[in-house]
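This is structure.cif (mmCIF, C-alpha atoms and all ligand atoms).
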```
data_entry
#
loop_
_atom_site.label_atom_id
_atom_site.label_comp_id
_atom_site.auth_asym_id
_atom_site.auth_seq_id
_atom_site.Cartn_x
_atom_site.Cartn_y
_atom_site.Cartn_z
CA MET A 1 28.68 -122.91 -18.08
CA ARG A 2 25.54 -121.16 -16.91
CA LEU A 3 25.32 -117.92 -14.98
CA GLU A 4 23.03 -118.36 -11.97
CA HIS A 5 22.28 -114.73 -11.66
CA LEU A 6 22.15 -112.27 -14.55
CA PRO A 7 23.14 -108.73 -13.54
CA SER A 8 20.42 -106.11 -13.85
CA GLU A 9 21.88 -104.62 -17.07
CA PHE A 10 21.24 -107.96 -18.79
CA GLN A 11 17.93 -108.58 -17.03
CA LYS A 12 16.66 -105.30 -18.36
CA ALA A 13 17.61 -106.27 -21.91
CA LEU A 14 16.12 -109.78 -21.75
CA PRO A 15 12.77 -108.76 -23.31
CA ILE A 16 14.74 -107.63 -26.39
CA LEU A 17 16.34 -111.06 -26.80
CA GLU A 18 12.96 -112.71 -26.27
CA LYS A 19 11.26 -110.59 -28.93
CA ILE A 20 13.93 -111.48 -31.46
CA LYS A 21 13.56 -115.16 -30.61
CA THR A 22 9.78 -115.01 -30.89
CA ALA A 23 10.24 -113.59 -34.39
CA GLY A 24 12.17 -116.77 -35.24
CA PHE A 25 15.79 -115.56 -34.94
CA GLU A 26 18.71 -116.08 -32.55
CA ALA A 27 20.04 -113.36 -30.25
CA TYR A 28 22.86 -113.21 -27.69
CA PHE A 29 24.71 -110.81 -25.49
CA VAL A 30 28.27 -110.53 -26.82
CA GLY A 31 31.59 -108.74 -26.39
CA GLY A 32 32.95 -106.75 -23.49
CA SER A 33 29.89 -106.94 -21.25
CA VAL A 34 29.95 -110.76 -21.18
CA ARG A 35 33.67 -110.73 -20.41
CA ASP A 36 33.24 -108.13 -17.70
CA VAL A 37 30.39 -109.87 -15.89
CA LEU A 38 32.49 -113.03 -15.69
CA LEU A 39 35.34 -110.98 -14.24
CA ASN A 40 33.00 -109.32 -11.73
CA ARG A 41 33.73 -105.98 -13.27
CA PRO A 42 31.20 -103.20 -13.80
CA ILE A 43 29.39 -103.46 -17.11
CA HIS A 44 28.89 -100.69 -19.60
CA ASP A 45 27.04 -100.94 -22.91
CA VAL A 46 25.34 -104.28 -23.30
CA ASP A 47 25.84 -105.34 -26.95
CA ILE A 48 23.48 -107.75 -28.64
CA ALA A 49 24.30 -109.89 -31.71
CA ALA A 50 21.46 -111.49 -33.64
CA SER A 51 20.79 -113.59 -36.72
CA CYS A 52 18.19 -111.16 -38.10
CA TYR A 53 19.30 -108.78 -40.83
CA PRO A 54 18.95 -105.05 -40.14
CA GLN A 55 15.66 -104.74 -42.05
CA GLU A 56 14.31 -107.73 -40.13
CA THR A 57 15.39 -106.17 -36.80
CA LYS A 58 13.59 -102.98 -37.77
CA ALA A 59 10.45 -104.94 -38.52
CA ILE A 60 10.51 -106.53 -35.03
CA PHE A 61 10.75 -103.29 -33.01
CA LYS A 62 8.61 -100.22 -33.09
CA HIS A 63 11.29 -97.62 -32.34
CA THR A 64 14.65 -98.02 -34.04
CA ILE A 65 17.41 -95.76 -35.29
CA ASP A 66 19.81 -96.62 -38.10
CA ILE A 67 23.19 -96.01 -36.53
CA GLY A 68 25.38 -98.20 -38.68
CA ILE A 69 23.22 -100.17 -41.00
CA GLU A 70 26.07 -100.93 -43.40
CA HIS A 71 27.81 -102.73 -40.51
CA GLY A 72 24.55 -104.33 -39.46
CA THR A 73 23.88 -102.22 -36.38
CA VAL A 74 20.44 -100.95 -35.47
CA LEU A 75 19.69 -99.05 -32.28
CA VAL A 76 16.52 -100.25 -30.59
CA LEU A 77 14.68 -97.98 -28.16
CA GLU A 78 12.56 -100.03 -25.81
CA ASN A 79 11.38 -99.82 -22.19
CA GLY A 80 13.32 -96.61 -21.68
CA GLY A 81 16.61 -98.23 -22.72
CA GLU A 82 18.79 -98.16 -25.85
CA TYR A 83 20.23 -101.35 -27.26
CA GLU A 84 22.63 -101.86 -30.15
CA ILE A 85 21.66 -104.91 -32.12
CA THR A 86 24.22 -106.06 -34.66
CA THR A 87 23.58 -108.75 -37.23
CA PHE A 88 25.98 -111.71 -37.07
CA ARG A 89 28.63 -110.89 -39.60
CA THR A 90 31.98 -111.81 -41.04
CA GLU A 91 34.53 -109.37 -42.32
CA ASP A 92 36.06 -109.92 -45.73
CA VAL A 93 39.49 -109.08 -47.07
CA TYR A 94 41.22 -106.22 -45.30
CA VAL A 95 42.97 -104.26 -48.01
CA ASP A 96 44.36 -101.42 -45.92
CA TYR A 97 45.04 -103.26 -42.64
CA ARG A 98 42.30 -101.46 -40.85
CA ARG A 99 38.82 -101.73 -42.28
CA PRO A 100 37.22 -104.77 -43.87
CA SER A 101 36.58 -104.10 -47.55
CA SER A 102 33.13 -105.54 -47.06
CA VAL A 103 30.98 -106.94 -44.32
CA SER A 104 28.80 -109.98 -44.97
CA PHE A 105 25.82 -110.75 -42.83
CA VAL A 106 25.57 -114.38 -41.80
CA ARG A 107 23.10 -116.48 -39.86
CA SER A 108 25.65 -118.28 -37.69
CA LEU A 109 26.83 -117.16 -34.27
CA LYS A 110 30.06 -119.11 -34.73
CA GLU A 111 31.04 -117.07 -37.79
CA ASP A 112 30.40 -113.89 -35.86
CA LEU A 113 32.45 -114.93 -32.84
CA LYS A 114 35.30 -116.07 -35.09
CA ARG A 115 35.91 -112.54 -36.41
CA ARG A 116 36.28 -111.09 -32.91
CA ASP A 117 39.73 -110.07 -31.69
CA PHE A 118 40.50 -112.01 -28.50
CA THR A 119 39.09 -115.21 -27.05
CA VAL A 120 37.85 -113.40 -23.93
CA ASN A 121 35.98 -110.99 -26.20
CA ALA A 122 34.45 -113.82 -28.22
CA LEU A 123 32.07 -115.18 -25.59
CA ALA A 124 28.31 -115.04 -25.97
CA LEU A 125 25.58 -115.26 -23.38
CA ASP A 126 22.04 -116.44 -24.13
CA ASP A 127 18.78 -115.53 -22.44
CA SER A 128 18.97 -118.52 -20.10
CA GLY A 129 22.35 -117.46 -18.72
CA ARG A 130 24.30 -120.05 -20.72
CA ILE A 131 27.78 -119.00 -21.86
CA ILE A 132 28.69 -120.00 -25.40
CA ASP A 133 32.43 -120.49 -25.47
CA LEU A 134 33.62 -121.67 -28.89
CA PHE A 135 37.25 -120.52 -28.60
CA ASP A 136 38.15 -121.45 -25.02
CA GLY A 137 37.72 -117.90 -23.83
CA LEU A 138 36.58 -119.11 -20.40
CA SER A 139 39.82 -120.93 -19.74
CA ASP A 140 41.84 -117.88 -20.87
CA LEU A 141 39.66 -115.67 -18.70
CA LYS A 142 40.36 -117.88 -15.70
CA GLN A 143 44.10 -117.74 -16.32
CA SER A 144 44.11 -114.03 -17.17
CA ILE A 145 45.43 -114.64 -20.67
CA LEU A 146 44.82 -112.50 -23.73
CA ARG A 147 44.92 -114.67 -26.84
CA ALA A 148 43.97 -113.83 -30.43
CA VAL A 149 41.04 -115.79 -31.87
CA GLY A 150 42.45 -118.10 -34.59
CA GLN A 151 45.79 -117.46 -36.29
CA ALA A 152 47.36 -114.53 -34.46
CA GLU A 153 49.50 -113.36 -37.42
CA ALA A 154 46.57 -113.32 -39.78
CA ARG A 155 44.41 -111.45 -37.26
CA PHE A 156 46.93 -108.62 -36.69
CA HIS A 157 47.76 -108.47 -40.36
CA GLU A 158 44.05 -108.02 -41.14
CA ASP A 159 43.59 -105.25 -38.61
CA ALA A 160 46.63 -103.79 -36.90
CA LEU A 161 44.46 -101.79 -34.51
CA ARG A 162 44.11 -105.10 -32.65
CA ILE A 163 47.77 -104.62 -31.59
CA MET A 164 46.81 -101.44 -29.75
CA ARG A 165 43.70 -103.14 -28.39
CA ALA A 166 45.79 -106.02 -27.03
CA LEU A 167 48.06 -103.56 -25.23
CA ARG A 168 45.10 -101.75 -23.71
CA PHE A 169 43.35 -104.96 -22.61
CA ALA A 170 46.59 -106.15 -21.00
CA ALA A 171 46.53 -102.87 -19.06
CA SER A 172 42.84 -102.70 -18.23
CA LEU A 173 42.32 -106.37 -17.39
CA ASN A 174 45.81 -107.02 -16.01
CA PHE A 175 46.10 -109.97 -18.40
CA ASP A 176 49.25 -111.53 -19.83
CA ILE A 177 49.48 -111.67 -23.59
CA GLU A 178 49.85 -115.27 -24.78
CA PRO A 179 53.30 -115.82 -26.37
CA LYS A 180 52.18 -116.54 -29.96
CA THR A 181 49.81 -113.60 -29.86
CA PHE A 182 52.63 -111.46 -28.51
CA ALA A 183 55.10 -112.61 -31.17
CA ALA A 184 52.57 -111.76 -33.88
CA MET A 185 52.01 -108.30 -32.36
CA LYS A 186 55.73 -107.70 -32.48
CA ALA A 187 56.02 -108.91 -36.05
CA TYR A 188 53.20 -106.69 -37.27
CA ALA A 189 53.82 -103.60 -35.14
CA PRO A 190 55.10 -101.72 -38.24
CA LEU A 191 51.54 -101.89 -39.60
CA LEU A 192 50.51 -99.46 -36.86
CA GLU A 193 51.68 -96.73 -39.21
CA LYS A 194 48.73 -97.56 -41.43
CA ILE A 195 46.10 -97.25 -38.74
CA SER A 196 44.10 -94.06 -38.48
CA ILE A 197 45.68 -92.07 -35.69
CA GLU A 198 42.33 -91.25 -34.10
CA ARG A 199 41.69 -94.95 -33.51
CA SER A 200 45.18 -95.52 -32.12
CA PHE A 201 44.68 -92.54 -29.83
CA VAL A 202 41.47 -93.99 -28.39
CA GLU A 203 43.17 -97.28 -27.55
CA PHE A 204 46.37 -95.71 -26.23
CA ASP A 205 44.34 -93.32 -24.12
CA LYS A 206 42.40 -96.23 -22.63
CA LEU A 207 45.71 -97.95 -21.92
CA LEU A 208 47.03 -94.93 -20.04
CA MET A 209 43.80 -94.61 -18.04
CA SER A 210 43.92 -98.26 -16.97
CA PRO A 211 44.91 -99.28 -13.46
CA HIS A 212 47.67 -101.48 -14.87
CA TRP A 213 48.97 -98.96 -17.41
CA ARG A 214 52.54 -99.90 -16.52
CA LYS A 215 51.94 -103.40 -17.78
CA GLY A 216 50.52 -102.02 -21.04
CA ILE A 217 53.50 -99.68 -21.46
CA GLN A 218 55.94 -102.52 -20.83
CA ALA A 219 54.31 -104.59 -23.58
CA PHE A 220 54.20 -101.49 -25.81
CA MET A 221 57.96 -101.08 -25.28
CA ALA A 222 58.70 -104.76 -25.82
CA ILE A 223 57.11 -104.74 -29.28
CA ARG A 224 58.64 -101.32 -30.09
CA ALA A 225 55.19 -100.03 -31.01
CA TYR A 226 56.39 -96.47 -30.29
CA ASP A 227 58.50 -96.55 -33.46
CA TYR A 228 55.33 -96.57 -35.54
CA LEU A 229 53.39 -93.81 -33.81
CA PRO A 230 53.76 -90.06 -34.42
CA ASP A 231 56.66 -88.35 -32.63
CA PHE A 232 57.55 -91.42 -30.58
CA GLN A 233 60.28 -92.91 -32.80
CA ASP A 234 63.27 -94.27 -30.93
CA THR A 235 61.95 -93.49 -27.46
CA PHE A 236 62.58 -96.70 -25.51
CA ASP A 237 64.59 -94.83 -22.85
CA LYS A 238 61.92 -92.18 -22.42
CA TRP A 239 59.26 -94.79 -21.68
CA GLN A 240 61.64 -96.33 -19.20
CA CYS A 241 61.87 -92.92 -17.52
CA LEU A 242 58.08 -92.67 -17.42
CA LEU A 243 57.91 -96.01 -15.60
CA ALA A 244 60.74 -95.07 -13.26
CA ASP A 245 59.37 -91.62 -12.42
CA TYR A 246 56.03 -92.69 -10.95
CA THR A 247 55.31 -94.79 -7.89
CA GLU A 248 54.24 -98.35 -8.56
CA ASN A 249 50.56 -98.03 -7.60
CA PHE A 250 49.81 -94.65 -9.17
CA SER A 251 47.12 -94.41 -11.79
CA PHE A 252 46.21 -91.33 -13.79
CA SER A 253 43.05 -89.49 -12.87
CA SER A 254 42.41 -87.93 -16.27
CA SER A 255 43.51 -88.31 -19.87
CA GLU A 256 44.95 -84.81 -19.89
CA GLN A 257 47.08 -85.69 -16.88
CA ALA A 258 48.26 -88.96 -18.41
CA TRP A 259 49.31 -87.39 -21.70
CA ALA A 260 51.05 -84.58 -19.83
CA ALA A 261 53.06 -87.19 -17.91
CA VAL A 262 53.95 -88.93 -21.16
CA LEU A 263 55.09 -85.74 -22.88
CA LEU A 264 57.00 -84.57 -19.80
CA SER A 265 58.93 -87.82 -19.72
CA GLN A 266 59.55 -87.48 -23.46
CA HIS A 267 60.86 -83.93 -22.84
CA HIS A 268 58.63 -83.01 -25.73
CA LYS A 269 59.15 -79.39 -26.61
CA ASN A 270 56.16 -78.82 -28.80
CA PRO A 271 52.88 -80.35 -27.61
CA LYS A 272 50.98 -78.36 -30.22
CA THR A 273 52.63 -80.08 -33.18
CA PHE A 274 52.50 -83.40 -31.33
CA PHE A 275 48.74 -83.26 -30.84
CA LYS A 276 48.23 -82.01 -34.37
CA LYS A 277 49.80 -85.26 -35.55
CA TRP A 278 47.64 -87.22 -33.10
CA LYS A 279 44.62 -85.25 -34.31
CA THR A 280 43.18 -84.44 -30.90
CA SER A 281 41.00 -81.42 -30.15
CA THR A 282 42.51 -78.02 -29.45
CA ASN A 283 40.94 -78.03 -25.99
CA PHE A 284 42.64 -81.29 -25.15
CA GLN A 285 46.00 -80.07 -26.43
CA ARG A 286 45.70 -76.84 -24.42
CA ALA A 287 44.83 -78.68 -21.22
CA VAL A 288 47.79 -81.07 -21.56
CA GLU A 289 50.07 -78.15 -22.31
CA ALA A 290 48.79 -76.27 -19.24
CA ILE A 291 49.50 -79.23 -16.96
CA MET A 292 53.00 -79.53 -18.43
CA ILE A 293 53.74 -75.83 -17.95
CA ILE A 294 52.43 -75.88 -14.38
CA PHE A 295 54.47 -78.98 -13.60
CA GLU A 296 57.62 -77.29 -14.89
CA GLN A 297 56.93 -74.02 -13.07
CA ARG A 298 56.32 -75.95 -9.89
CA LEU A 299 59.83 -77.43 -10.07
CA ALA A 300 61.07 -73.92 -9.27
CA ASP A 301 58.22 -72.24 -7.37
CA ASP A 302 55.36 -72.68 -4.97
CA VAL A 303 51.89 -72.37 -6.43
CA THR A 304 50.91 -68.70 -6.72
CA LYS A 305 47.55 -66.98 -7.05
CA GLN A 306 48.69 -65.85 -10.47
CA MET A 307 49.15 -69.50 -11.54
CA ILE A 308 45.69 -70.44 -10.30
CA TYR A 309 44.19 -67.44 -12.04
CA THR A 310 45.99 -68.18 -15.31
CA TYR A 311 45.45 -71.94 -15.51
CA GLY A 312 42.56 -72.70 -13.17
CA LYS A 313 42.62 -74.86 -10.07
CA ASP A 314 41.76 -78.13 -11.78
CA TRP A 315 44.85 -78.33 -13.98
CA ILE A 316 47.03 -77.28 -11.03
CA LEU A 317 45.64 -80.08 -8.89
CA LEU A 318 46.34 -82.57 -11.67
CA ALA A 319 49.93 -81.35 -11.94
CA GLU A 320 50.26 -81.56 -8.16
CA GLU A 321 49.09 -85.19 -8.27
CA LEU A 322 51.89 -85.90 -10.74
CA ARG A 323 54.36 -84.38 -8.27
CA GLN A 324 52.94 -86.52 -5.50
CA ALA A 325 53.27 -89.66 -7.61
CA GLN A 326 56.89 -88.73 -8.27
CA GLY A 327 57.59 -88.36 -4.55
CA LEU A 328 58.01 -84.57 -4.76
CA SER A 329 56.67 -82.21 -2.10
CA VAL A 330 53.02 -81.23 -2.47
CA ASP A 331 50.65 -78.74 -0.92
CA PHE A 332 47.05 -79.40 -1.95
CA GLU A 333 45.71 -77.26 0.89
CA ARG A 334 47.59 -74.20 -0.29
CA ILE A 335 46.06 -74.60 -3.75
CA GLU A 336 42.55 -74.82 -2.29
CA ARG A 337 43.19 -71.86 0.01
CA LEU A 338 44.64 -69.60 -2.69
CA ASP A 339 41.77 -70.50 -4.96
CA THR A 340 39.16 -69.48 -2.38
CA GLU A 341 41.12 -66.28 -1.74
CA LEU A 342 41.07 -65.31 -5.40
CA THR A 343 38.64 -62.43 -5.80
CA ILE A 344 38.30 -62.96 -9.56
CA HIS A 345 38.71 -66.04 -11.74
CA ASP A 346 38.25 -64.32 -15.07
CA LYS A 347 38.96 -60.84 -16.37
CA HIS A 348 35.29 -60.31 -17.16
CA GLU A 349 34.70 -60.23 -13.42
CA ILE A 350 36.77 -57.05 -13.05
CA ALA A 351 34.57 -54.18 -11.83
CA ILE A 352 35.70 -51.90 -14.66
CA ASN A 353 36.36 -52.35 -18.38
CA GLY A 354 37.94 -50.54 -21.29
CA GLY A 355 34.71 -48.74 -22.10
CA MET A 356 34.65 -47.14 -18.65
CA LEU A 357 38.29 -46.06 -18.94
CA ILE A 358 37.46 -44.28 -22.19
CA LYS A 359 34.23 -42.74 -20.94
CA ASP A 360 35.15 -41.81 -17.39
CA LEU A 361 38.93 -41.33 -17.47
CA GLY A 362 39.42 -40.11 -21.00
CA PHE A 363 41.57 -43.02 -22.21
CA LYS A 364 42.04 -43.69 -25.88
CA PRO A 365 41.82 -47.28 -27.12
CA GLY A 366 45.30 -48.68 -27.77
CA PRO A 367 48.29 -50.47 -26.25
CA GLU A 368 48.60 -47.98 -23.37
CA MET A 369 45.08 -48.75 -22.19
CA GLY A 370 45.81 -52.47 -22.56
CA LYS A 371 48.81 -52.09 -20.24
CA VAL A 372 46.73 -50.30 -17.61
CA LEU A 373 44.01 -52.96 -17.73
CA LYS A 374 46.69 -55.65 -17.36
CA ALA A 375 48.16 -53.88 -14.31
CA VAL A 376 44.69 -53.63 -12.76
CA GLU A 377 44.04 -57.31 -13.41
CA GLU A 378 47.36 -58.33 -11.87
CA ALA A 379 46.88 -56.24 -8.75
CA ILE A 380 43.37 -57.62 -8.20
CA VAL A 381 44.62 -61.19 -8.65
CA LEU A 382 47.48 -60.60 -6.21
CA GLY A 383 44.99 -59.17 -3.73
CA THR A 384 46.70 -55.78 -3.46
CA LEU A 385 43.78 -54.02 -5.12
CA ALA A 386 40.09 -54.37 -4.25
CA ASN A 387 37.83 -55.24 -7.14
CA GLU A 388 35.81 -52.04 -6.81
CA ARG A 389 35.36 -49.26 -9.29
CA GLU A 390 36.51 -46.41 -7.04
CA ALA A 391 39.55 -48.27 -5.77
CA ILE A 392 40.54 -49.21 -9.28
CA PHE A 393 40.24 -45.63 -10.56
CA GLU A 394 42.36 -44.50 -7.62
CA PHE A 395 44.94 -47.18 -8.45
CA ILE A 396 45.11 -46.05 -12.07
CA LYS A 397 45.73 -42.48 -10.91
CA GLU A 398 48.41 -43.67 -8.51
CA ILE A 399 50.32 -45.58 -11.14
CA GLY A 400 50.48 -42.33 -12.99
CA HIS A 401 48.36 -42.92 -16.05
CA VAL A 402 45.79 -40.22 -15.49
P1 LIG B 501 35.15 -102.02 -23.55
O1 LIG B 501 34.85 -102.54 -22.21
O2 LIG B 501 36.31 -101.10 -23.58
O3 LIG B 501 33.96 -101.47 -24.29
P2 LIG B 501 34.90 -104.14 -25.45
O4 LIG B 501 35.48 -105.52 -25.46
O5 LIG B 501 33.41 -104.02 -25.34
O6 LIG B 501 35.64 -103.32 -24.34
P3 LIG B 501 34.63 -102.65 -27.85
O7 LIG B 501 35.64 -101.80 -28.55
O8 LIG B 501 33.43 -102.00 -27.28
O9 LIG B 501 35.43 -103.44 -26.74
O10 LIG B 501 34.20 -103.77 -28.88
C1 LIG B 501 33.13 -104.68 -28.64
C2 LIG B 501 33.49 -106.06 -29.15
O11 LIG B 501 33.66 -106.03 -30.56
C3 LIG B 501 34.80 -106.62 -28.60
O12 LIG B 501 34.60 -107.28 -27.36
C4 LIG B 501 35.20 -107.57 -29.70
O13 LIG B 501 34.47 -108.79 -29.60
C5 LIG B 501 34.73 -106.87 -30.96
N1 LIG B 501 35.76 -106.01 -31.58
C6 LIG B 501 35.93 -104.69 -31.40
N2 LIG B 501 36.94 -104.22 -32.15
C7 LIG B 501 37.44 -105.27 -32.81
C8 LIG B 501 38.48 -105.44 -33.78
N3 LIG B 501 39.23 -104.42 -34.17
N4 LIG B 501 38.67 -106.68 -34.28
C9 LIG B 501 37.89 -107.72 -33.89
N5 LIG B 501 36.91 -107.63 -33.00
C10 LIG B 501 36.67 -106.42 -32.47
MG MG B 502 32.30 -102.18 -25.43
#
```

Would you mind writing the structure in this file as structure tokens?
Ligand code: ATP
Ligand code: MG
Amino acid sequence: MRLEHLPSEFQKALPILEKIKTAGFEAYFVGGSVRDVLLNRPIHDVDIAASCYPQETKAIFKHTIDIGIEHGTVLVLENGGEYEITTFRTEDVYVDYRRPSSVSFVRSLKEDLKRRDFTVNALALDDSGRIIDLFDGLSDLKQSILRAVGQAEARFHEDALRIMRALRFAASLNFDIEPKTFAAMKAYAPLLEKISIERSFVEFDKLLMSPHWRKGIQAFMAIRAYDYLPDFQDTFDKWQCLLADYTENFSFSSSEQAWAAVLLSQHHKNPKTFFKKWKTSTNFQRAVEAIMIIFEQRLADDVTKQMIYTYGKDWILLAEELRQAQGLSVDFERIERLDTELTIHDKHEIAINGGMLIKDLGFKPGPEMGKVLKAVEEAIVLGTLANEREAIFEFIKEIGHV
């Protein structure tokens, strides 16, 4: 098969392929970008695989950066673009189910494609637009089938992360997992315990952010993958609730929102310990927690200025979207209106501070002054007190502290 028209991302990278060829080596576009162009999907990062070894690649191009030389990857900077060029390679014995114990560089494209995870990810594209399809990836692509390259059991046993990848590709591509591939995923799901949690998080997060996340979750449930991931043991029913709670065509608009929905359906009481186990950043954990708290408060109350001030409009809107997707009442306009009515968004915007209370009103630093500042902040947020020095001093006198 030959592509008549190469998309601009590939066109732009053609001179790179040509340079490598002129130097006497082979070079191809490989991986996700080839799959995506055939599916008419937008392309991101164009990956290049080549027969030259890293030192040889560096000799061909003027500007290069070593970004993963031990894996054979060199970053080439050319014509204002950045291109990852990876030497054809095979991966030897996997001792810990996740990382090859060594990588061997080879000169054959076939060897390189053979180590790739799924047939649709094992296609290559040459500079003339010809697709090299050694594992029937094109036929699987046409039928929307995700199939392991080679012996499925061996492939998941080598690297159990591929189980998570299969689930996320099912969700992002809306592909069905081929039965033997699926059976092998199920058989080796227990190996997910051995995978670094950061890598599982990346794949699971991509699954949740996919348009067909429900499909990914259904496959995830069918292989009981949850039993081998932190804090998800024995949660089949909870995932069922997640699927039941949201309307069919809803997709998450941010990772924080997606994980909040997951933890809400799990009735998880302690997001902090959960995300510690999943090793995410503190900022991420706090955002998810905020969306969860807002969602729960909203079950009892309308959105208040105080909520917007405390959590910020963005997280409130994300929680409101979850309500909408659950068929609960929503009021996006009210949120926007209250937000524009807020005179301050942060306590540093208050027209007075502790220093002024000490200097001008004779306060002493301590809990009493903290209480007064809190009362001032609350009144300004509620809109009952103007954010002006004189008005605030008057207010402090009125509440009887001076
Ligand atoms: P995306 O569009 O999300 O980037 P992708 O297919 O490009 O999808 P990457 O994670 O960027 O996925 O990996 C690039 C390519 O490397 C894949 O298409 C696949 O050929 C190969 N690959 C990545 N991870 C694995 C793995 N764990 N086992 C085997 N091959 C892999
Ligand atoms: Mg990619």

Ligand LIG 501 (chain B) neighbours within 9 Å using all atoms listed in the file, as number ranges by chain: A: 30-36, 43-47, 98-99, 113-123, 149, 155-156, 158-163, 165, 168-169, 172, 203, 206

Quick one: write out the picked residues with C-alpha atoms as a compact mmCIF listing (two decimals), in the coordinates of the input?
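Writing the result to out08.txt gives the following:
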```txt
# COMPACT_ATOMS: atom_id res chain seq x y z
CA VAL A 30 28.27 -110.53 -26.82
CA GLY A 31 31.59 -108.74 -26.39
CA GLY A 32 32.95 -106.75 -23.49
CA SER A 33 29.89 -106.94 -21.25
CA VAL A 34 29.95 -110.76 -21.18
CA ARG A 35 33.67 -110.73 -20.41
CA ASP A 36 33.24 -108.13 -17.70
CA ILE A 43 29.39 -103.46 -17.11
CA HIS A 44 28.89 -100.69 -19.60
CA ASP A 45 27.04 -100.94 -22.91
CA VAL A 46 25.34 -104.28 -23.30
CA ASP A 47 25.84 -105.34 -26.95
CA ARG A 98 42.30 -101.46 -40.85
CA ARG A 99 38.82 -101.73 -42.28
CA LEU A 113 32.45 -114.93 -32.84
CA LYS A 114 35.30 -116.07 -35.09
CA ARG A 115 35.91 -112.54 -36.41
CA ARG A 116 36.28 -111.09 -32.91
CA ASP A 117 39.73 -110.07 -31.69
CA PHE A 118 40.50 -112.01 -28.50
CA THR A 119 39.09 -115.21 -27.05
CA VAL A 120 37.85 -113.40 -23.93
CA ASN A 121 35.98 -110.99 -26.20
CA ALA A 122 34.45 -113.82 -28.22
CA LEU A 123 32.07 -115.18 -25.59
CA VAL A 149 41.04 -115.79 -31.87
CA ARG A 155 44.41 -111.45 -37.26
CA PHE A 156 46.93 -108.62 -36.69
CA GLU A 158 44.05 -108.02 -41.14
CA ASP A 159 43.59 -105.25 -38.61
CA ALA A 160 46.63 -103.79 -36.90
CA LEU A 161 44.46 -101.79 -34.51
CA ARG A 162 44.11 -105.10 -32.65
CA ILE A 163 47.77 -104.62 -31.59
CA ARG A 165 43.70 -103.14 -28.39
CA ARG A 168 45.10 -101.75 -23.71
CA PHE A 169 43.35 -104.96 -22.61
CA SER A 172 42.84 -102.70 -18.23
CA GLU A 203 43.17 -97.28 -27.55
CA LYS A 206 42.40 -96.23 -22.63
```

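Of the listed residues (A:Ser128, A:Thr310, A:Ser196, A:Ser139), A:Ser128 comes nearest to Glu4 (chain A); the distances count all atoms listed in the file.
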
Coordinates of box centre and edge lengths for region 109-124 of chain A, 4 Å on every side, axis-aligned, as JSON:
```
{"center_x": 33.7, "center_y": -114.6, "center_z": -30.9, "size_x": 21.7, "size_y": 17.0, "size_z": 21.9}
```

One-decimal distance in Å that lies between CA of Ile291 (chain A) and CA of Thr384 (chain A): 27.2 Å

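As for CA of Ala13 (chain A) and CA of Gly72 (chain A), they are spaced 19.0 Å apart.
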
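The coordinates place CA of Asp92 (chain A) at 26.1 Å from CA of Ala225 (chain A).
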
Residues within 12 Å of (52.6, -89.3, -18.9), counting all atoms listed in the file, listed as a ChimeraX atom specification: /A:204-205,207-209,213-214,217,238-246,250-268,288-289,291-292,295,318-319,321-323,325-326

Non-local contacts of Ala183 (chain A) (9 Å; all atoms listed in the file; under 3 positions in same chain excluded) as a PyMOL selection string: chain A and resi 152-153+178-180+186-188+223

Residues near Val303 (chain A), anyone? I mean within 9 Å using all atoms listed in the file, not counting same-chain ones fewer than 6 positions away, as a PDB file with C-alpha atoms, keeping the file's coordinate frame.
```pdb
ATOM      1  CA  ILE A 294      52.430 -75.880 -14.380  1.00  0.00           C
ATOM      2  CA  GLN A 297      56.930 -74.020 -13.070  1.00  0.00           C
ATOM      3  CA  ILE A 316      47.030 -77.280 -11.030  1.00  0.00           C
ATOM      4  CA  ASP A 331      50.650 -78.740  -0.920  1.00  0.00           C
ATOM      5  CA  ARG A 334      47.590 -74.200  -0.290  1.00  0.00           C
ATOM      6  CA  ILE A 335      46.060 -74.600  -3.750  1.00  0.00           C
ATOM      7  CA  LEU A 338      44.640 -69.600  -2.690  1.00  0.00           C
TER       8      LEU A 338
END
```

Nearest candidate to Pro42 (chain A) (options A:Lys269, A:Ala23, A:Leu382, A:Ser8; using all atoms listed in the file): A:Ser8

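With distances taken over only C-alpha atoms and all ligand atoms, A:Glu84 is the one residue among A:Glu333, A:Glu84, A:Asp66, A:Asp346 lying closest to ligand MG 502 (chain B).
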
Spatial neighbours of region 16-20 of chain A, 9 Å, only C-alpha atoms, chain gap at least 5 places, as a list in words: Phe25, Glu26, Ala27, Tyr28, Phe29, Ile48, Ala50, Ser51, Cys52, Thr57, Ile60, Phe61, Val76, Glu78, Tyr83, Asp126 and Asp127 of chain A
